[in-house]
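Asks: protein.tsv is reproduced in full below (TSV, N, CA and C atoms).
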chain	number	residue	atom	x	y	z
A	1	MET	N	11.86	-5.39	4.33
A	1	MET	CA	11.71	-4.63	3.11
A	1	MET	C	12.23	-3.20	3.30
A	2	TYR	N	12.04	-2.63	4.48
A	2	TYR	CA	12.45	-1.24	4.70
A	2	TYR	C	13.72	-1.14	5.54
A	3	GLU	N	14.59	-2.15	5.49
A	3	GLU	CA	15.79	-2.15	6.31
A	3	GLU	C	16.72	-0.99	5.97
A	4	GLU	N	16.78	-0.60	4.71
A	4	GLU	CA	17.67	0.47	4.27
A	4	GLU	C	17.00	1.84	4.26
A	5	MET	N	15.70	1.88	4.52
A	5	MET	CA	14.98	3.15	4.48
A	5	MET	C	15.33	3.99	5.70
A	6	ARG	N	15.47	5.28	5.48
A	6	ARG	CA	15.76	6.22	6.56
A	6	ARG	C	14.62	7.22	6.66
A	7	VAL	N	14.30	7.60	7.87
A	7	VAL	CA	13.26	8.59	8.12
A	7	VAL	C	13.97	9.91	8.41
A	8	LYS	N	13.77	10.88	7.53
A	8	LYS	CA	14.36	12.21	7.69
A	8	LYS	C	13.21	13.17	7.94
A	9	TYR	N	13.13	13.67	9.17
A	9	TYR	CA	12.02	14.54	9.56
A	9	TYR	C	12.57	15.59	10.49
A	10	LEU	N	12.49	16.84	10.10
A	10	LEU	CA	13.05	17.96	10.85
A	10	LEU	C	14.52	17.69	11.16
A	11	PHE	N	14.88	17.48	12.42
A	11	PHE	CA	16.27	17.27	12.78
A	11	PHE	C	16.60	15.81	12.99
A	12	ILE	N	15.70	14.92	12.64
A	12	ILE	CA	15.87	13.49	12.88
A	12	ILE	C	16.23	12.80	11.57
A	13	ASN	N	17.26	11.96	11.64
A	13	ASN	CA	17.65	11.16	10.49
A	13	ASN	C	18.00	9.78	11.03
A	14	LEU	N	16.99	8.91	11.13
A	14	LEU	CA	17.16	7.59	11.72
A	14	LEU	C	16.74	6.51	10.73
A	15	LYS	N	17.23	5.30	10.98
A	15	LYS	CA	16.74	4.17	10.22
A	15	LYS	C	15.27	3.95	10.58
A	16	TYR	N	14.56	3.32	9.67
A	16	TYR	CA	13.12	3.10	9.83
A	16	TYR	C	12.80	2.38	11.14
A	17	SER	N	13.50	1.30	11.42
A	17	SER	CA	13.19	0.52	12.62
A	17	SER	C	13.48	1.31	13.89
A	18	ALA	N	14.56	2.08	13.91
A	18	ALA	CA	14.89	2.90	15.08
A	18	ALA	C	13.84	4.00	15.28
A	19	TYR	N	13.37	4.60	14.20
A	19	TYR	CA	12.38	5.66	14.30
A	19	TYR	C	11.05	5.11	14.82
A	20	VAL	N	10.65	3.95	14.33
A	20	VAL	CA	9.39	3.35	14.79
A	20	VAL	C	9.49	3.01	16.27
A	21	LYS	N	10.63	2.48	16.71
A	21	LYS	CA	10.81	2.17	18.14
A	21	LYS	C	10.79	3.44	18.97
A	22	LEU	N	11.47	4.49	18.50
A	22	LEU	CA	11.49	5.76	19.22
A	22	LEU	C	10.09	6.34	19.37
A	23	GLN	N	9.33	6.35	18.30
A	23	GLN	CA	7.98	6.90	18.35
A	23	GLN	C	7.08	6.04	19.22
A	24	GLY	N	7.24	4.73	19.16
A	24	GLY	CA	6.45	3.84	20.01
A	24	GLY	C	6.73	4.09	21.48
A	25	ILE	N	8.00	4.30	21.82
A	25	ILE	CA	8.37	4.58	23.21
A	25	ILE	C	7.80	5.92	23.65
A	26	LEU	N	7.91	6.93	22.79
A	26	LEU	CA	7.38	8.25	23.15
A	26	LEU	C	5.87	8.24	23.35
A	27	ILE	N	5.16	7.55	22.48
A	27	ILE	CA	3.70	7.46	22.60
A	27	ILE	C	3.34	6.72	23.88
A	28	ALA	N	4.05	5.64	24.18
A	28	ALA	CA	3.78	4.88	25.40
A	28	ALA	C	4.06	5.72	26.65
A	29	VAL	N	5.16	6.47	26.64
A	29	VAL	CA	5.52	7.29	27.80
A	29	VAL	C	4.46	8.37	28.04
A	30	TRP	N	4.04	9.05	26.99
A	30	TRP	CA	3.03	10.10	27.16
A	30	TRP	C	1.70	9.51	27.62
A	31	THR	N	1.35	8.35	27.10
A	31	THR	CA	0.09	7.72	27.49
A	31	THR	C	0.14	7.25	28.94
A	32	ILE	N	1.25	6.64	29.32
A	32	ILE	CA	1.40	6.17	30.70
A	32	ILE	C	1.49	7.35	31.66
A	33	ALA	N	2.10	8.45	31.25
A	33	ALA	CA	2.21	9.63	32.10
A	33	ALA	C	0.85	10.25	32.39
A	34	ALA	N	-0.11	10.04	31.51
A	34	ALA	CA	-1.44	10.60	31.72
A	34	ALA	C	-2.13	9.98	32.94
A	35	LEU	N	-1.86	8.71	33.22
A	35	LEU	CA	-2.53	8.05	34.33
A	35	LEU	C	-2.15	8.64	35.70
A	36	PRO	N	-0.86	8.75	36.05
A	36	PRO	CA	-0.57	9.36	37.35
A	36	PRO	C	-0.99	10.83	37.41
A	37	CYS	N	-0.91	11.52	36.29
A	37	CYS	CA	-1.35	12.91	36.28
A	37	CYS	C	-2.84	12.99	36.59
A	38	PHE	N	-3.61	12.08	36.02
A	38	PHE	CA	-5.04	12.07	36.29
A	38	PHE	C	-5.32	11.71	37.74
A	39	LEU	N	-4.61	10.71	38.25
A	39	LEU	CA	-4.89	10.23	39.60
A	39	LEU	C	-4.47	11.22	40.69
A	40	TYR	N	-3.32	11.87	40.50
A	40	TYR	CA	-2.76	12.68	41.58
A	40	TYR	C	-2.90	14.18	41.41
A	41	LEU	N	-3.16	14.65	40.21
A	41	LEU	CA	-3.22	16.10	39.99
A	41	LEU	C	-4.62	16.61	39.67
A	42	LYS	N	-5.60	15.75	39.62
A	42	LYS	CA	-6.95	16.20	39.23
A	42	LYS	C	-7.61	17.08	40.28
A	43	ASP	N	-7.12	17.05	41.51
A	43	ASP	CA	-7.70	17.88	42.58
A	43	ASP	C	-6.91	19.16	42.83
A	44	SER	N	-6.01	19.49	41.94
A	44	SER	CA	-5.17	20.67	42.12
A	44	SER	C	-5.99	21.94	41.91
A	45	SER	N	-5.56	22.99	42.58
A	45	SER	CA	-6.24	24.27	42.41
A	45	SER	C	-5.72	25.02	41.18
A	46	ILE	N	-4.60	24.58	40.65
A	46	ILE	CA	-4.02	25.20	39.46
A	46	ILE	C	-4.64	24.52	38.23
A	47	TRP	N	-5.20	25.33	37.33
A	47	TRP	CA	-5.93	24.79	36.18
A	47	TRP	C	-5.06	23.88	35.33
A	48	MET	N	-3.83	24.29	35.05
A	48	MET	CA	-2.96	23.51	34.17
A	48	MET	C	-2.63	22.15	34.78
A	49	LEU	N	-2.35	22.12	36.06
A	49	LEU	CA	-2.07	20.83	36.70
A	49	LEU	C	-3.31	19.95	36.77
A	50	LYS	N	-4.45	20.57	36.90
A	50	LYS	CA	-5.70	19.83	36.97
A	50	LYS	C	-6.02	19.10	35.67
A	51	HIS	N	-5.61	19.71	34.54
A	51	HIS	CA	-5.96	19.16	33.24
A	51	HIS	C	-4.75	18.66	32.43
A	52	VAL	N	-3.63	18.48	33.08
A	52	VAL	CA	-2.44	18.06	32.35
A	52	VAL	C	-2.56	16.62	31.84
A	53	TRP	N	-3.44	15.83	32.43
A	53	TRP	CA	-3.59	14.44	31.99
A	53	TRP	C	-4.08	14.36	30.55
A	54	TRP	N	-5.05	15.20	30.19
A	54	TRP	CA	-5.51	15.14	28.80
A	54	TRP	C	-4.52	15.80	27.86
A	55	LEU	N	-3.71	16.72	28.37
A	55	LEU	CA	-2.64	17.29	27.55
A	55	LEU	C	-1.62	16.22	27.19
A	56	CYS	N	-1.33	15.33	28.12
A	56	CYS	CA	-0.43	14.20	27.84
A	56	CYS	C	-1.01	13.31	26.74
A	57	LEU	N	-2.31	13.07	26.80
A	57	LEU	CA	-2.95	12.24	25.76
A	57	LEU	C	-2.95	12.93	24.41
A	58	VAL	N	-3.12	14.23	24.40
A	58	VAL	CA	-3.09	14.99	23.14
A	58	VAL	C	-1.69	14.94	22.54
A	59	VAL	N	-0.67	15.09	23.37
A	59	VAL	CA	0.71	15.01	22.88
A	59	VAL	C	1.00	13.62	22.32
A	60	ALA	N	0.51	12.58	22.99
A	60	ALA	CA	0.69	11.21	22.48
A	60	ALA	C	0.00	11.04	21.13
A	61	LEU	N	-1.19	11.58	20.99
A	61	LEU	CA	-1.90	11.52	19.72
A	61	LEU	C	-1.14	12.27	18.63
A	62	LEU	N	-0.63	13.45	18.96
A	62	LEU	CA	0.14	14.22	17.98
A	62	LEU	C	1.44	13.51	17.60
A	63	GLU	N	2.07	12.81	18.54
A	63	GLU	CA	3.25	12.01	18.22
A	63	GLU	C	2.90	10.92	17.21
A	64	GLY	N	1.73	10.30	17.40
A	64	GLY	CA	1.28	9.29	16.45
A	64	GLY	C	1.04	9.85	15.06
A	65	VAL	N	0.43	11.02	15.00
A	65	VAL	CA	0.20	11.68	13.71
A	65	VAL	C	1.53	12.05	13.06
A	66	GLU	N	2.45	12.59	13.86
A	66	GLU	CA	3.77	12.95	13.33
A	66	GLU	C	4.49	11.73	12.79
A	67	ALA	N	4.43	10.61	13.51
A	67	ALA	CA	5.07	9.38	13.05
A	67	ALA	C	4.45	8.90	11.75
A	68	PHE	N	3.12	8.94	11.68
A	68	PHE	CA	2.42	8.51	10.47
A	68	PHE	C	2.84	9.35	9.27
A	69	LEU	N	2.91	10.67	9.44
A	69	LEU	CA	3.30	11.55	8.34
A	69	LEU	C	4.76	11.38	7.96
A	70	ALA	N	5.64	11.25	8.94
A	70	ALA	CA	7.07	11.11	8.66
A	70	ALA	C	7.36	9.78	7.97
A	71	ILE	N	6.72	8.72	8.41
A	71	ILE	CA	6.94	7.41	7.77
A	71	ILE	C	6.35	7.41	6.37
A	72	GLY	N	5.21	8.04	6.17
A	72	GLY	CA	4.64	8.15	4.83
A	72	GLY	C	5.55	8.90	3.88
A	73	LYS	N	6.15	9.99	4.36
A	73	LYS	CA	7.09	10.76	3.54
A	73	LYS	C	8.33	9.94	3.24
A	74	ALA	N	8.82	9.20	4.22
A	74	ALA	CA	10.01	8.37	4.01
A	74	ALA	C	9.74	7.27	3.00
A	75	LYS	N	8.54	6.68	3.05
A	75	LYS	CA	8.19	5.63	2.09
A	75	LYS	C	8.09	6.20	0.69
A	76	ARG	N	7.50	7.39	0.55
A	76	ARG	CA	7.44	8.01	-0.78
A	76	ARG	C	8.82	8.31	-1.32
A	77	ASP	N	9.71	8.83	-0.47
A	77	ASP	CA	11.07	9.13	-0.90
A	77	ASP	C	11.85	7.86	-1.22
A	78	PHE	N	11.58	6.79	-0.50
A	78	PHE	CA	12.29	5.52	-0.70
A	78	PHE	C	11.90	4.88	-2.03
A	79	HIS	N	10.63	5.00	-2.41
A	79	HIS	CA	10.15	4.37	-3.65
A	79	HIS	C	10.31	5.28	-4.86
A	80	ARG	N	10.72	6.52	-4.64
A	80	ARG	CA	10.90	7.45	-5.74
A	80	ARG	C	12.13	7.04	-6.56
A	81	PRO	N	12.03	7.08	-7.89
A	81	PRO	CA	13.19	6.76	-8.71
A	81	PRO	C	14.32	7.75	-8.46
A	82	ALA	N	15.53	7.30	-8.65
A	82	ALA	CA	16.71	8.11	-8.36
A	82	ALA	C	16.84	9.31	-9.30
A	83	GLY	N	16.14	9.31	-10.39
A	83	GLY	CA	16.20	10.44	-11.32
A	83	GLY	C	17.11	10.12	-12.49
A	84	ASN	N	17.81	11.12	-12.97
A	84	ASN	CA	18.70	10.97	-14.12
A	84	ASN	C	20.13	10.78	-13.70
A	85	ASP	N	20.42	9.81	-12.89
A	85	ASP	CA	21.77	9.54	-12.47
A	85	ASP	C	22.42	8.54	-13.42
A	86	THR	N	22.86	9.01	-14.56
A	86	THR	CA	23.48	8.15	-15.57
A	86	THR	C	24.95	8.51	-15.70
A	87	ALA	N	25.67	8.45	-14.62
A	87	ALA	CA	27.09	8.82	-14.64
A	87	ALA	C	27.95	7.61	-14.88
Can the structure in the file be given as structure tokens, please?
Replies:
Amino acid sequence: MYEEMRVKYLFINLKYSAYVKLQGILIAVWTIAALPCFLYLKDSSIWMLKHVWWLCLVVALLEGVEAFLAIGKAKRDFHRPAGNDTA
């Protein structure tokens, strides 16, 4: 149904399926990156390295919110009538 829909968000202009795949990969990468950060950096004396694992999870969550908002905007724009194009 959304094969022709494009997601235009900031500097991104991708087809719907490509955007969903991209966001899925980004969310998976950030989530998976949290595990080694938690396992290997939690004993660091540097505060940022010690807590970077939850920062990775927050970024993954924000990527999900961004994807949800961008896809919602793309769906609204896709279903919007073309206007007065009677040429």
Asks: Set out as CSV a contact list for range 36-76 of chain A and range 9-15 of chain A with a cut-off of 8 Å, giving each residue of range 36-76 of chain A that qualifies its closest atom pair and distance in Å to one decimal, counting all atoms listed in the file, ordered by chain and rising residue number.
Replies:
residue,atom,partner,partner_atom,distance
A:Ala70,CA,A:Tyr9,CA,6.1
A:Ile71,N,A:Tyr9,CA,8.0
A:Ala74,N,A:Tyr9,N,7.9
Asks: Could you please write out, as a ChimeraX atom specification, every residue of chain A that DSSP assigns to helix (DSSP H, G or I)?
Replies: /A:16-41,47-50,52-79
Asks: When you draw a straight line from atom C of Glu63 in chain A to atom N of Gly24 in chain A, how long is it in Å?
Replies: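 Pair atom C of Glu63 in chain A / atom N of Gly24 in chain A returns 7.8 Å.
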Asks: Measure the distance from CA of Tyr16 in chain A to CA of Gly64 in chain A in Å and round it to one decimal.
Replies: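 So the answer is 14.9 Å.
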Asks: Give the answer as one residue: which of A:Lys73, A:Val65, A:Leu39, A:Ser45 has the shortest atom-to-atom distance to Lys8 in chain A, using all atoms listed in the file?
Replies: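 Closest to Lys8 in chain A, using all atoms listed in the file: A:Lys73.
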Asks: Calculate how many Å separate CA of Trp54 in chain A from atom C of Cys37 in chain A, rounding to one decimal.
Replies: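 Computing the Euclidean distance for CA of Trp54 in chain A and atom C of Cys37 in chain A yields 8.5 Å.
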Asks: Would you compute an axis-aligned box for range 66-70 of chain A, covering every atom listed for it in the file with 3 Å of margin on each side, and report centre and edge lengths in Å to one decimal as JSON?
Replies:
{"center_x": 4.9, "center_y": 10.7, "center_z": 10.9, "size_x": 10.9, "size_y": 10.4, "size_z": 11.9}
Asks: Closest to Leu55 in chain A among A:Leu41, A:Arg76, A:Leu69, A:Trp30, using only N, CA and C atoms?
Replies: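 Of the candidates, the smallest distance to Leu55 in chain A is held by A:Trp30.
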Asks: If you run DSSP over the backbone, which residues in range 3-55 of chain A end up strand (DSSP E)? Put them as an MDAnalysis selection string.
Replies: chainID A and resid 6:9 12:15
Asks: Counting only C-alpha atoms, note down every residue that has an atom within 12 Å of the point (1.5, 9.0, 17.4) (file coordinates), as a ChimeraX atom specification.
Replies: /A:19-31,56-71
Asks: Can you fill out range 58-79 of chain A with N, CA, C and O atoms and hand it back as a PDB file, in the coordinates of the input?
Replies:
ATOM      1  N   VAL A  58      -3.120  14.230  24.400  1.00  0.00           N
ATOM      2  CA  VAL A  58      -3.090  14.990  23.140  1.00  0.00           C
ATOM      3  C   VAL A  58      -1.690  14.940  22.540  1.00  0.00           C
ATOM      4  O   VAL A  58      -1.526  14.746  21.326  1.00  0.00           O
ATOM      5  N   VAL A  59      -0.670  15.090  23.370  1.00  0.00           N
ATOM      6  CA  VAL A  59       0.710  15.010  22.880  1.00  0.00           C
ATOM      7  C   VAL A  59       1.000  13.620  22.320  1.00  0.00           C
ATOM      8  O   VAL A  59       1.637  13.478  21.278  1.00  0.00           O
ATOM      9  N   ALA A  60       0.510  12.580  22.990  1.00  0.00           N
ATOM     10  CA  ALA A  60       0.690  11.210  22.480  1.00  0.00           C
ATOM     11  C   ALA A  60       0.000  11.040  21.130  1.00  0.00           C
ATOM     12  O   ALA A  60       0.568  10.436  20.210  1.00  0.00           O
ATOM     13  N   LEU A  61      -1.190  11.580  20.990  1.00  0.00           N
ATOM     14  CA  LEU A  61      -1.900  11.520  19.720  1.00  0.00           C
ATOM     15  C   LEU A  61      -1.140  12.270  18.630  1.00  0.00           C
ATOM     16  O   LEU A  61      -1.001  11.774  17.502  1.00  0.00           O
ATOM     17  N   LEU A  62      -0.630  13.450  18.960  1.00  0.00           N
ATOM     18  CA  LEU A  62       0.140  14.220  17.980  1.00  0.00           C
ATOM     19  C   LEU A  62       1.440  13.510  17.600  1.00  0.00           C
ATOM     20  O   LEU A  62       1.885  13.603  16.451  1.00  0.00           O
ATOM     21  N   GLU A  63       2.070  12.810  18.540  1.00  0.00           N
ATOM     22  CA  GLU A  63       3.250  12.010  18.220  1.00  0.00           C
ATOM     23  C   GLU A  63       2.900  10.920  17.210  1.00  0.00           C
ATOM     24  O   GLU A  63       3.663  10.633  16.299  1.00  0.00           O
ATOM     25  N   GLY A  64       1.730  10.300  17.400  1.00  0.00           N
ATOM     26  CA  GLY A  64       1.280   9.290  16.450  1.00  0.00           C
ATOM     27  C   GLY A  64       1.040   9.850  15.060  1.00  0.00           C
ATOM     28  O   GLY A  64       1.435   9.251  14.059  1.00  0.00           O
ATOM     29  N   VAL A  65       0.430  11.020  15.000  1.00  0.00           N
ATOM     30  CA  VAL A  65       0.200  11.680  13.710  1.00  0.00           C
ATOM     31  C   VAL A  65       1.530  12.050  13.060  1.00  0.00           C
ATOM     32  O   VAL A  65       1.721  11.849  11.852  1.00  0.00           O
ATOM     33  N   GLU A  66       2.450  12.590  13.860  1.00  0.00           N
ATOM     34  CA  GLU A  66       3.770  12.950  13.330  1.00  0.00           C
ATOM     35  C   GLU A  66       4.490  11.730  12.790  1.00  0.00           C
ATOM     36  O   GLU A  66       5.081  11.777  11.706  1.00  0.00           O
ATOM     37  N   ALA A  67       4.430  10.610  13.510  1.00  0.00           N
ATOM     38  CA  ALA A  67       5.070   9.380  13.050  1.00  0.00           C
ATOM     39  C   ALA A  67       4.450   8.900  11.750  1.00  0.00           C
ATOM     40  O   ALA A  67       5.154   8.507  10.815  1.00  0.00           O
ATOM     41  N   PHE A  68       3.120   8.940  11.680  1.00  0.00           N
ATOM     42  CA  PHE A  68       2.420   8.510  10.470  1.00  0.00           C
ATOM     43  C   PHE A  68       2.840   9.350   9.270  1.00  0.00           C
ATOM     44  O   PHE A  68       3.134   8.824   8.187  1.00  0.00           O
ATOM     45  N   LEU A  69       2.910  10.670   9.440  1.00  0.00           N
ATOM     46  CA  LEU A  69       3.300  11.550   8.340  1.00  0.00           C
ATOM     47  C   LEU A  69       4.760  11.380   7.960  1.00  0.00           C
ATOM     48  O   LEU A  69       5.109  11.337   6.771  1.00  0.00           O
ATOM     49  N   ALA A  70       5.640  11.250   8.940  1.00  0.00           N
ATOM     50  CA  ALA A  70       7.070  11.110   8.660  1.00  0.00           C
ATOM     51  C   ALA A  70       7.360   9.780   7.970  1.00  0.00           C
ATOM     52  O   ALA A  70       8.167   9.733   7.033  1.00  0.00           O
ATOM     53  N   ILE A  71       6.720   8.720   8.410  1.00  0.00           N
ATOM     54  CA  ILE A  71       6.940   7.410   7.770  1.00  0.00           C
ATOM     55  C   ILE A  71       6.350   7.410   6.370  1.00  0.00           C
ATOM     56  O   ILE A  71       6.953   6.855   5.440  1.00  0.00           O
ATOM     57  N   GLY A  72       5.210   8.040   6.170  1.00  0.00           N
ATOM     58  CA  GLY A  72       4.640   8.150   4.830  1.00  0.00           C
ATOM     59  C   GLY A  72       5.550   8.900   3.880  1.00  0.00           C
ATOM     60  O   GLY A  72       5.755   8.495   2.739  1.00  0.00           O
ATOM     61  N   LYS A  73       6.150   9.990   4.360  1.00  0.00           N
ATOM     62  CA  LYS A  73       7.090  10.760   3.540  1.00  0.00           C
ATOM     63  C   LYS A  73       8.330   9.940   3.240  1.00  0.00           C
ATOM     64  O   LYS A  73       8.835   9.927   2.111  1.00  0.00           O
ATOM     65  N   ALA A  74       8.820   9.200   4.220  1.00  0.00           N
ATOM     66  CA  ALA A  74      10.010   8.370   4.010  1.00  0.00           C
ATOM     67  C   ALA A  74       9.740   7.270   3.000  1.00  0.00           C
ATOM     68  O   ALA A  74      10.599   6.957   2.171  1.00  0.00           O
ATOM     69  N   LYS A  75       8.540   6.680   3.050  1.00  0.00           N
ATOM     70  CA  LYS A  75       8.190   5.630   2.090  1.00  0.00           C
ATOM     71  C   LYS A  75       8.090   6.200   0.690  1.00  0.00           C
ATOM     72  O   LYS A  75       8.534   5.573  -0.285  1.00  0.00           O
ATOM     73  N   ARG A  76       7.500   7.390   0.550  1.00  0.00           N
ATOM     74  CA  ARG A  76       7.440   8.010  -0.780  1.00  0.00           C
ATOM     75  C   ARG A  76       8.820   8.310  -1.320  1.00  0.00           C
ATOM     76  O   ARG A  76       9.108   8.069  -2.489  1.00  0.00           O
ATOM     77  N   ASP A  77       9.710   8.830  -0.470  1.00  0.00           N
ATOM     78  CA  ASP A  77      11.070   9.130  -0.900  1.00  0.00           C
ATOM     79  C   ASP A  77      11.850   7.860  -1.220  1.00  0.00           C
ATOM     80  O   ASP A  77      12.696   7.847  -2.104  1.00  0.00           O
ATOM     81  N   PHE A  78      11.580   6.790  -0.500  1.00  0.00           N
ATOM     82  CA  PHE A  78      12.290   5.520  -0.700  1.00  0.00           C
ATOM     83  C   PHE A  78      11.900   4.880  -2.030  1.00  0.00           C
ATOM     84  O   PHE A  78      12.735   4.304  -2.705  1.00  0.00           O
ATOM     85  N   HIS A  79      10.630   5.000  -2.410  1.00  0.00           N
ATOM     86  CA  HIS A  79      10.150   4.370  -3.650  1.00  0.00           C
ATOM     87  C   HIS A  79      10.310   5.280  -4.860  1.00  0.00           C
ATOM     88  O   HIS A  79      10.054   4.852  -5.975  1.00  0.00           O
TER      89      HIS A  79
END
